[in-house]
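One file, run-v4.tsv, carrying TSV, C-alpha atoms:
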```tsv
chain	number	residue	atom	x	y	z
A	97	MET	CA	6.94	-16.76	-9.95
A	98	GLY	CA	7.38	-18.19	-6.52
A	99	ARG	CA	4.83	-19.45	-4.02
A	100	VAL	CA	4.74	-16.26	-1.95
A	101	ARG	CA	4.45	-14.08	-5.06
A	102	ASP	CA	1.53	-16.16	-6.36
A	103	THR	CA	-0.23	-15.86	-3.00
A	104	TYR	CA	0.41	-12.12	-2.90
A	105	ASN	CA	-0.96	-11.63	-6.43
A	106	ARG	CA	-4.22	-13.33	-5.44
A	107	TYR	CA	-4.38	-11.33	-2.18
A	108	ARG	CA	-3.89	-8.04	-4.03
A	109	GLU	CA	-6.53	-8.96	-6.61
A	110	LEU	CA	-9.07	-9.71	-3.87
A	111	LEU	CA	-8.17	-6.58	-1.90
A	112	PHE	CA	-8.26	-4.17	-4.85
A	113	THR	CA	-11.58	-5.56	-6.16
A	114	GLY	CA	-13.18	-5.47	-2.70
A	115	ASP	CA	-13.71	-9.24	-2.56
A	116	PHE	CA	-12.98	-9.39	1.16
A	117	ASN	CA	-15.06	-12.57	1.66
A	118	HIS	CA	-12.36	-14.63	-0.05
A	119	LEU	CA	-9.31	-13.10	1.63
A	120	THR	CA	-9.04	-16.06	4.03
A	121	ASP	CA	-8.18	-18.22	1.00
A	122	VAL	CA	-4.79	-16.47	0.90
A	123	ALA	CA	-4.41	-14.68	4.26
A	124	ASP	CA	-4.51	-15.95	7.83
A	125	GLU	CA	-7.41	-14.79	10.04
A	126	ASP	CA	-4.81	-13.76	12.67
A	127	PHE	CA	-3.02	-11.57	10.09
A	128	VAL	CA	-0.65	-8.98	11.60
A	129	GLU	CA	-0.17	-5.73	9.73
A	130	THR	CA	1.19	-2.23	9.95
A	131	CYS	CA	0.88	0.65	7.56
A	132	VAL	CA	3.61	2.80	9.10
A	133	GLY	CA	2.28	6.21	10.08
A	134	LEU	CA	-1.29	5.36	9.12
A	135	THR	CA	-2.76	2.45	11.10
A	136	GLY	CA	-0.03	1.31	13.45
A	137	TRP	CA	0.17	-2.41	14.21
A	138	THR	CA	-3.10	-4.31	13.93
A	139	ARG	CA	-4.08	-7.94	14.42
A	140	GLY	CA	-6.82	-9.70	12.51
A	141	LEU	CA	-7.56	-9.98	8.81
A	142	ASP	CA	-11.01	-8.48	9.42
A	143	ILE	CA	-9.40	-5.39	10.97
A	144	ALA	CA	-6.90	-5.02	8.11
A	145	ALA	CA	-9.67	-5.34	5.52
A	146	ALA	CA	-11.83	-2.81	7.39
A	147	ASN	CA	-8.91	-0.36	7.58
A	148	PHE	CA	-8.28	-0.72	3.84
A	149	ALA	CA	-11.96	-0.42	2.87
A	150	ALA	CA	-12.67	2.60	5.09
A	151	GLY	CA	-9.29	4.26	4.54
A	152	ILE	CA	-7.28	4.18	1.36
A	153	GLY	CA	-9.85	2.06	-0.51
A	154	ALA	CA	-12.63	4.61	0.10
A	155	ALA	CA	-10.40	7.64	-0.45
A	156	PHE	CA	-8.91	6.34	-3.72
A	157	PRO	CA	-11.48	4.02	-5.37
A	158	ASP	CA	-9.39	3.94	-8.57
A	159	LEU	CA	-6.24	2.97	-6.64
A	160	SER	CA	-3.65	1.21	-8.75
A	161	ALA	CA	-0.11	0.06	-8.08
A	162	GLN	CA	2.87	-0.54	-10.29
A	163	GLU	CA	5.64	-2.77	-9.02
A	164	TYR	CA	9.19	-1.82	-9.89
A	165	ASP	CA	11.06	-4.57	-8.05
A	166	HIS	CA	10.34	-7.63	-5.98
A	167	ILE	CA	12.50	-10.06	-4.07
A	168	GLU	CA	11.19	-13.38	-2.83
A	169	ASP	CA	13.24	-15.31	-0.31
A	170	GLY	CA	11.79	-18.34	1.42
A	171	ASP	CA	8.55	-17.27	3.12
A	172	THR	CA	9.06	-13.53	2.50
A	173	LEU	CA	8.27	-11.17	-0.37
A	174	ALA	CA	9.55	-7.59	-0.63
A	175	ILE	CA	8.09	-5.19	-3.20
A	176	ARG	CA	9.07	-1.67	-4.20
A	177	GLY	CA	6.52	0.17	-6.23
A	178	ARG	CA	4.38	3.19	-6.93
A	179	ALA	CA	0.70	3.67	-6.13
A	180	GLU	CA	-1.68	6.27	-7.46
A	181	GLY	CA	-5.29	7.25	-7.31
A	182	THR	CA	-7.81	10.07	-7.37
A	183	HIS	CA	-8.74	11.50	-3.97
A	184	THR	CA	-12.54	11.19	-3.79
A	185	GLY	CA	-13.02	10.30	-0.10
A	186	LYS	CA	-11.81	11.69	3.22
A	187	PHE	CA	-8.20	10.72	3.91
A	188	LEU	CA	-5.43	11.98	6.20
A	189	GLY	CA	-7.93	14.42	7.68
A	190	LEU	CA	-8.69	15.98	4.30
A	191	GLU	CA	-12.04	16.12	2.58
A	192	PRO	CA	-12.02	14.91	-1.07
A	193	THR	CA	-10.00	17.17	-3.36
A	194	GLY	CA	-10.37	15.37	-6.69
A	195	ARG	CA	-6.57	15.54	-7.05
A	196	ARG	CA	-4.44	12.64	-8.27
A	197	ALA	CA	-1.79	11.51	-5.84
A	198	THR	CA	1.16	9.21	-6.46
A	199	TRP	CA	3.52	7.70	-3.94
A	200	GLU	CA	6.33	5.21	-3.85
A	201	PHE	CA	6.19	2.42	-1.31
A	202	ALA	CA	7.97	-0.57	0.17
A	203	ASP	CA	5.72	-3.53	0.92
A	204	LEU	CA	6.77	-6.67	2.82
A	205	TYR	CA	4.80	-9.91	3.20
A	206	ARG	CA	5.42	-13.17	5.02
A	207	VAL	CA	3.52	-16.45	4.67
A	208	GLY	CA	3.00	-19.15	7.27
A	209	ALA	CA	3.42	-22.91	7.00
A	210	ASP	CA	-0.08	-23.15	5.50
A	211	GLY	CA	1.00	-20.89	2.59
A	212	ARG	CA	-1.26	-17.99	3.59
A	213	ILE	CA	-0.04	-14.46	4.27
A	214	ASN	CA	0.23	-13.87	8.01
A	215	TRP	CA	2.30	-10.67	8.24
A	216	HIS	CA	2.36	-7.39	6.28
A	217	PHE	CA	4.47	-4.24	6.59
A	218	TYR	CA	3.77	-1.20	4.37
A	219	VAL	CA	5.78	2.02	4.40
A	220	THR	CA	5.47	5.20	2.38
A	221	ASP	CA	5.81	8.94	2.92
A	222	TRP	CA	2.24	9.87	3.90
A	223	ASN	CA	3.33	13.51	4.25
A	224	ILE	CA	4.08	13.70	0.51
A	225	VAL	CA	0.65	12.20	-0.19
A	226	ARG	CA	-0.98	14.81	2.07
A	227	LEU	CA	0.98	17.64	0.45
A	228	GLN	CA	-0.13	16.46	-3.00
A	229	LEU	CA	-3.75	16.46	-1.85
A	230	LEU	CA	-3.29	20.01	-0.58
A	231	GLY	CA	-1.65	21.07	-3.86
A	232	GLU	CA	1.56	21.90	-2.00
A	233	ALA	CA	3.89	19.02	-2.91
A	234	PRO	CA	7.50	19.92	-3.65
A	235	ASP	CA	8.86	19.35	-7.13
A	236	LEU	CA	10.87	16.19	-6.57
A	237	PRO	CA	12.44	14.04	-9.31
A	238	ALA	CA	10.35	10.98	-10.14
A	239	THR	CA	13.33	9.22	-11.72
A	240	PRO	CA	17.06	9.39	-10.91
A	241	GLU	CA	18.63	12.62	-12.06
A	242	ARG	CA	21.59	14.82	-11.20
A	243	ARG	CA	19.74	17.48	-9.22
A	244	ALA	CA	20.53	18.65	-5.68
A	245	VAL	CA	16.97	19.52	-4.64
A	246	MET	CA	18.08	20.45	-1.10
A	247	ALA	CA	20.56	22.99	-2.54
A	248	GLU	CA	17.92	24.71	-4.66
A	249	GLY	CA	16.79	28.09	-3.36
```
Would you encode the structure as structure tokens?
Amino acid sequence: MGRVRDTYNRYRELLFTGDFNHLTDVADEDFVETCVGLTGWTRGLDIAAANFAAGIGAAFPDLSAQEYDHIEDGDTLAIRGRAEGTHTGKFLGLEPTGRRATWEFADLYRVGADGRINWHFYVTDWNIVRLQLLGEAPDLPATPERRAVMAEG
């Protein structure tokens, strides 16, 4: 593993276990982040941690992520993966449903000269997540298959 990947692994461990007091070991206090369609651009590690704790962390306390691919190049790490969790807290304007939701994501990180993460960009289809929570998600292939879903009646 590379330097950025090692830093990311520690960051994710701290974030997912709620150990926010040690995030500055691996992330810059002036951390810049966006979760596209969810938080917009924010500045400050404290703000990012608060958004996570009060948002997705509270809504999906059993949140887990599986990484399918990652590319590390210099100071940047790109990850493609799948997240899932049980909806037990308010999220996307919806009260807890108890439903499991899964979503694919692209996650980008950049580290500064000090080796700490200073930039984060997360993108997923929050509408699919919301539709799953409502029990209205379309039947989409989870793996590549020869199926023209848009041509289905």
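If you measure from each of A:Trp137, A:Ile167, A:Thr172, A:Pro157 to A:Ile213 using all atoms listed in the file, the closest one turns out to be A:Thr172.
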Which residue is closest to A:Gly177? Choose from A:Gln162, A:Pro192, A:Leu227, A:Pro234 and count only C-alpha atoms.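 Counting only C-alpha atoms, the residue closest to A:Gly177 is A:Gln162.
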Just the residues within 7 Å of A:Asp124, please, counting all atoms listed in the file, with nothing from its chain fewer than 5 positions along; format it as a PDB file with C-alpha atoms, in the frame of the given file.
```pdb
ATOM      1  CA  LEU A 141      -7.560  -9.980   8.810  1.00  0.00           C
ATOM      2  CA  ARG A 212      -1.260 -17.990   3.590  1.00  0.00           C
ATOM      3  CA  ILE A 213      -0.040 -14.460   4.270  1.00  0.00           C
ATOM      4  CA  ASN A 214       0.230 -13.870   8.010  1.00  0.00           C
TER       5      ASN A 214
END
```
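Compared by their closest atoms to A:His118, and using all atoms listed in the file, the residues A:Asp142, A:Thr130, A:Asp102, A:Trp199 rank with A:Asp142 nearest.
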Find the residues near A:Thr120: any atom within 12 Å, counting all atoms listed in the file, skip ones fewer than 2 places away on the same chain, and give them as a PyMOL selection string. chain A and resi 103+106-107+110-111+115-118+122-127+140-142+144-145+210-214
To one decimal place in Å, what is the distance between atom CA of A:Asp235 and atom CA of A:Leu190? 21.2 Å
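The shortest atom-to-atom distance to A:Ala149, with all atoms listed in the file taken into account, belongs to A:Gly114 out of A:Gly114, A:Glu241, A:Val132, A:Thr182.
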Contact residues around A:Asp169 with only C-alpha atoms at 12 Å, ignoring same-chain residues under 4 positions, as a PDB file with C-alpha atoms, in the frame of the given file:
```
ATOM      1  CA  MET A  97       6.940 -16.760  -9.950  1.00  0.00           C
ATOM      2  CA  GLY A  98       7.380 -18.190  -6.520  1.00  0.00           C
ATOM      3  CA  ARG A  99       4.830 -19.450  -4.020  1.00  0.00           C
ATOM      4  CA  VAL A 100       4.740 -16.260  -1.950  1.00  0.00           C
ATOM      5  CA  ARG A 101       4.450 -14.080  -5.060  1.00  0.00           C
ATOM      6  CA  LEU A 173       8.270 -11.170  -0.370  1.00  0.00           C
ATOM      7  CA  ALA A 174       9.550  -7.590  -0.630  1.00  0.00           C
ATOM      8  CA  ILE A 175       8.090  -5.190  -3.200  1.00  0.00           C
ATOM      9  CA  LEU A 204       6.770  -6.670   2.820  1.00  0.00           C
ATOM     10  CA  TYR A 205       4.800  -9.910   3.200  1.00  0.00           C
ATOM     11  CA  ARG A 206       5.420 -13.170   5.020  1.00  0.00           C
ATOM     12  CA  VAL A 207       3.520 -16.450   4.670  1.00  0.00           C
TER      13      VAL A 207
END
```
How many Å separate atom CA of A:Glu200 from atom CA of A:Gly153? 16.8 Å
Fewer than 2 positions away in the same chain doesn't count, so skip those; otherwise give me all residues within 12 Å of A:Leu134, counting all atoms listed in the file, as a ChimeraX atom specification. /A:129-132,136-138,144,147-148,151-152,187-189,217-223,225-226
Point-to-point distance in Å for atom CA of A:Glu248 and atom CA of A:Leu236: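 Answer for the atom CA of A:Leu236 to atom CA of A:Glu248 separation: 11.2 Å.
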